[in-house]
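Asker: Quick one: the structure is below, questions incoming.
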Amino acid sequence: MLRAIEEWIEARLHDPSLSPAAIAAAHHISVRQLYRVFAPTGTTVARYVRTRRLEHCRRELGDPFLGTQRIGAIANRWGLPDAAAFSRAFRAAYGQTPSDYRARTTGIRRDA
């Protein structure tokens, strides 16, 4: 069941309304049961969603072919529409701001 839920989540990461309640409802289980499904992974479903979104953003920020896309547009595409919250979460996860990460990996120094 975990793998099926992870695949379902992956296909919907772009949706900012993706939440544990929505995930549980789509799989006809309670939110409590959903958290039980994720318990063996050592993370929560909300943390899993945030981590996957941040990983996709990091991958795109490091892609020089996407250097003309604004950082906010990349975050928004992956379901993270609040620029300030995205920047804080990115920094907490990777130890640097999204713009610093992009500059370090691609040489792009401004939010194009």
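Residue numbering restarts at 1 for every chain of the structure tokens, chains are lettered A, B, ... in their displayed order, and ligands are numbered from 1 as they appear.
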Which residues come within 9 Å of region 7-11 of chain A, counting only C-alpha atoms, excluding same-chain residues fewer than 3 positions away, as a list in words?

Answerer: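 The neighbour list is Leu2, Arg3, Ala4, His14, Leu18, Ile23, Val49, Arg52 and Arg53 of chain A.
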
Asker: For the selection just defined, write its residues with all heavy atoms to a file, as a PDB file, in the first residue's frame.

Answerer:
ATOM      1  N   LEU A   2       1.969   1.234   0.739  1.00  0.00           N
ATOM      2  CA  LEU A   2       2.847   2.398   0.805  1.00  0.00           C
ATOM      3  C   LEU A   2       3.317   2.812  -0.588  1.00  0.00           C
ATOM      4  O   LEU A   2       3.272   3.995  -0.944  1.00  0.00           O
ATOM      5  CB  LEU A   2       4.050   2.127   1.708  1.00  0.00           C
ATOM      6  CG  LEU A   2       5.097   3.237   1.780  1.00  0.00           C
ATOM      7  CD1 LEU A   2       4.506   4.510   2.375  1.00  0.00           C
ATOM      8  CD2 LEU A   2       6.295   2.776   2.579  1.00  0.00           C
ATOM      9  N   ARG A   3       3.775   1.856  -1.367  1.00  0.00           N
ATOM     10  CA  ARG A   3       4.281   2.174  -2.709  1.00  0.00           C
ATOM     11  C   ARG A   3       3.199   2.791  -3.581  1.00  0.00           C
ATOM     12  O   ARG A   3       3.452   3.745  -4.304  1.00  0.00           O
ATOM     13  CB  ARG A   3       4.858   0.904  -3.363  1.00  0.00           C
ATOM     14  CG  ARG A   3       5.531   1.176  -4.660  1.00  0.00           C
ATOM     15  CD  ARG A   3       6.830   1.973  -4.423  1.00  0.00           C
ATOM     16  NE  ARG A   3       7.252   2.517  -5.690  1.00  0.00           N
ATOM     17  CZ  ARG A   3       7.675   3.745  -5.884  1.00  0.00           C
ATOM     18  NH1 ARG A   3       7.783   4.583  -4.885  1.00  0.00           N
ATOM     19  NH2 ARG A   3       8.029   4.155  -7.064  1.00  0.00           N
ATOM     20  N   ALA A   4       1.995   2.272  -3.510  1.00  0.00           N
ATOM     21  CA  ALA A   4       0.889   2.815  -4.300  1.00  0.00           C
ATOM     22  C   ALA A   4       0.582   4.249  -3.879  1.00  0.00           C
ATOM     23  O   ALA A   4       0.346   5.119  -4.732  1.00  0.00           O
ATOM     24  CB  ALA A   4      -0.351   1.938  -4.146  1.00  0.00           C
ATOM     25  N   HIS A  14       2.369  18.612  -7.776  1.00  0.00           N
ATOM     26  CA  HIS A  14       2.138  19.964  -8.273  1.00  0.00           C
ATOM     27  C   HIS A  14       0.923  20.630  -7.627  1.00  0.00           C
ATOM     28  O   HIS A  14       0.785  21.846  -7.678  1.00  0.00           O
ATOM     29  CB  HIS A  14       1.924  19.923  -9.792  1.00  0.00           C
ATOM     30  CG  HIS A  14       0.703  19.142 -10.166  1.00  0.00           C
ATOM     31  ND1 HIS A  14       0.727  17.762 -10.258  1.00  0.00           N
ATOM     32  CD2 HIS A  14      -0.566  19.530 -10.425  1.00  0.00           C
ATOM     33  CE1 HIS A  14      -0.498  17.354 -10.578  1.00  0.00           C
ATOM     34  NE2 HIS A  14      -1.296  18.402 -10.686  1.00  0.00           N
ATOM     35  N   LEU A  18      -2.611  19.381  -1.951  1.00  0.00           N
ATOM     36  CA  LEU A  18      -2.294  18.004  -1.555  1.00  0.00           C
ATOM     37  C   LEU A  18      -2.020  17.980  -0.055  1.00  0.00           C
ATOM     38  O   LEU A  18      -1.147  18.686   0.442  1.00  0.00           O
ATOM     39  CB  LEU A  18      -1.068  17.504  -2.331  1.00  0.00           C
ATOM     40  CG  LEU A  18      -0.663  16.057  -2.138  1.00  0.00           C
ATOM     41  CD1 LEU A  18      -1.750  15.119  -2.648  1.00  0.00           C
ATOM     42  CD2 LEU A  18       0.645  15.794  -2.862  1.00  0.00           C
ATOM     43  N   ILE A  23      -5.001  12.795   0.652  1.00  0.00           N
ATOM     44  CA  ILE A  23      -4.349  11.528   0.308  1.00  0.00           C
ATOM     45  C   ILE A  23      -5.117  10.362   0.921  1.00  0.00           C
ATOM     46  O   ILE A  23      -5.400   9.360   0.253  1.00  0.00           O
ATOM     47  CB  ILE A  23      -2.880  11.532   0.766  1.00  0.00           C
ATOM     48  CG1 ILE A  23      -2.099  12.614   0.008  1.00  0.00           C
ATOM     49  CG2 ILE A  23      -2.242  10.157   0.580  1.00  0.00           C
ATOM     50  CD1 ILE A  23      -0.767  12.965   0.638  1.00  0.00           C
ATOM     51  N   VAL A  49       5.817  14.435   1.525  1.00  0.00           N
ATOM     52  CA  VAL A  49       5.364  15.318   0.437  1.00  0.00           C
ATOM     53  C   VAL A  49       6.299  16.515   0.314  1.00  0.00           C
ATOM     54  O   VAL A  49       6.750  16.859  -0.789  1.00  0.00           O
ATOM     55  CB  VAL A  49       3.906  15.771   0.666  1.00  0.00           C
ATOM     56  CG1 VAL A  49       3.522  16.891  -0.299  1.00  0.00           C
ATOM     57  CG2 VAL A  49       2.949  14.592   0.524  1.00  0.00           C
ATOM     58  N   ARG A  52       9.733  15.480  -1.155  1.00  0.00           N
ATOM     59  CA  ARG A  52       9.670  15.196  -2.597  1.00  0.00           C
ATOM     60  C   ARG A  52       9.557  16.489  -3.398  1.00  0.00           C
ATOM     61  O   ARG A  52      10.198  16.640  -4.433  1.00  0.00           O
ATOM     62  CB  ARG A  52       8.499  14.261  -2.915  1.00  0.00           C
ATOM     63  CG  ARG A  52       8.630  12.869  -2.328  1.00  0.00           C
ATOM     64  CD  ARG A  52       9.865  12.113  -2.828  1.00  0.00           C
ATOM     65  NE  ARG A  52       9.791  11.990  -4.276  1.00  0.00           N
ATOM     66  CZ  ARG A  52      10.822  12.185  -5.108  1.00  0.00           C
ATOM     67  NH1 ARG A  52      12.014  12.470  -4.627  1.00  0.00           N
ATOM     68  NH2 ARG A  52      10.670  12.057  -6.402  1.00  0.00           N
ATOM     69  N   ARG A  53       8.742  17.423  -2.930  1.00  0.00           N
ATOM     70  CA  ARG A  53       8.608  18.703  -3.626  1.00  0.00           C
ATOM     71  C   ARG A  53       9.937  19.442  -3.647  1.00  0.00           C
ATOM     72  O   ARG A  53      10.348  19.968  -4.689  1.00  0.00           O
ATOM     73  CB  ARG A  53       7.538  19.560  -2.951  1.00  0.00           C
ATOM     74  CG  ARG A  53       6.134  19.090  -3.244  1.00  0.00           C
ATOM     75  CD  ARG A  53       5.117  19.882  -2.476  1.00  0.00           C
ATOM     76  NE  ARG A  53       3.781  19.615  -2.987  1.00  0.00           N
ATOM     77  CZ  ARG A  53       2.679  19.943  -2.351  1.00  0.00           C
ATOM     78  NH1 ARG A  53       2.734  20.547  -1.169  1.00  0.00           N
ATOM     79  NH2 ARG A  53       1.506  19.668  -2.894  1.00  0.00           N
TER      80      ARG A  53
END

Asker: Using only C-alpha atoms, which protein or nucleic acid residues come within 10 Å of Tyr48 (chain A)? Drop anything in the same chain fewer than 6 positions from it, and give the result as a PDB file with N, CA, C and O atoms, in the first residue's frame.

Answerer:
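Result went into result-v1.pdb, see below:
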ATOM      1  N   GLU A   6       2.728   6.367  -2.430  1.00  0.00           N
ATOM      2  CA  GLU A   6       3.851   7.202  -2.868  1.00  0.00           C
ATOM      3  C   GLU A   6       3.735   7.546  -4.352  1.00  0.00           C
ATOM      4  O   GLU A   6       3.994   8.690  -4.744  1.00  0.00           O
ATOM      5  N   ILE A   9       0.992  10.125  -4.773  1.00  0.00           N
ATOM      6  CA  ILE A   9       1.485  11.433  -4.329  1.00  0.00           C
ATOM      7  C   ILE A   9       2.386  12.041  -5.394  1.00  0.00           C
ATOM      8  O   ILE A   9       2.252  13.219  -5.742  1.00  0.00           O
ATOM      9  N   PHE A  38       2.843   5.131   6.845  1.00  0.00           N
ATOM     10  CA  PHE A  38       4.147   5.788   6.697  1.00  0.00           C
ATOM     11  C   PHE A  38       5.077   5.570   7.889  1.00  0.00           C
ATOM     12  O   PHE A  38       6.277   5.815   7.785  1.00  0.00           O
ATOM     13  N   THR A  41       8.598   4.030   7.618  1.00  0.00           N
ATOM     14  CA  THR A  41       9.593   4.770   6.832  1.00  0.00           C
ATOM     15  C   THR A  41      10.383   5.753   7.692  1.00  0.00           C
ATOM     16  O   THR A  41      11.386   6.292   7.242  1.00  0.00           O
ATOM     17  N   GLY A  42       9.899   6.003   8.908  1.00  0.00           N
ATOM     18  CA  GLY A  42      10.580   6.946   9.782  1.00  0.00           C
ATOM     19  C   GLY A  42      10.243   8.396   9.489  1.00  0.00           C
ATOM     20  O   GLY A  42      10.901   9.303   9.990  1.00  0.00           O
ATOM     21  N   LEU A  54      10.596  19.497  -2.521  1.00  0.00           N
ATOM     22  CA  LEU A  54      11.885  20.189  -2.454  1.00  0.00           C
ATOM     23  C   LEU A  54      12.926  19.519  -3.337  1.00  0.00           C
ATOM     24  O   LEU A  54      13.746  20.194  -3.969  1.00  0.00           O
TER      25      LEU A  54
END

Asker: Just want the 9 Å neighbourhood of Ala75 (chain A), counted on only C-alpha atoms, with same-chain residues fewer than 3 positions away dropped. Output as a count of residues only.

Answerer: 14

Asker: What lies within 9 Å of Val37 (chain A) using only C-alpha atoms, ignoring chain neighbours under 5 positions off, as a PDB file with C-alpha atoms, in the first residue's frame?

Answerer:
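Printed below is selection-v1.pdb as written:
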ATOM      1  CA  MET A   1       0.000   0.000   0.000  1.00  0.00           C
ATOM      2  CA  LEU A   2       2.847   2.398   0.805  1.00  0.00           C
ATOM      3  CA  ARG A  32      -4.624   7.990  11.208  1.00  0.00           C
ATOM      4  CA  VAL A  45       3.259  11.731   5.090  1.00  0.00           C
TER       5      VAL A  45
END

Asker: Using only C-alpha atoms, which residue out of A:Pro16, A:Arg109, A:Ala103, A:Ile5 lies closest to Arg50 (chain A)?

Answerer: A:Pro16

Asker: With distances taken over only C-alpha atoms, which residue among A:Ala25, A:Gln33, A:Arg12, A:Ser99 lies nearest Gln69 (chain A)?

Answerer: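 For Gln69 (chain A), the nearest of the candidates is A:Ser99.
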
Asker: From the list A:Leu66, A:Ala46, A:Ile108, A:Leu61, which residue is nearest Leu13 (chain A) when using only C-alpha atoms?

Answerer: A:Ala46
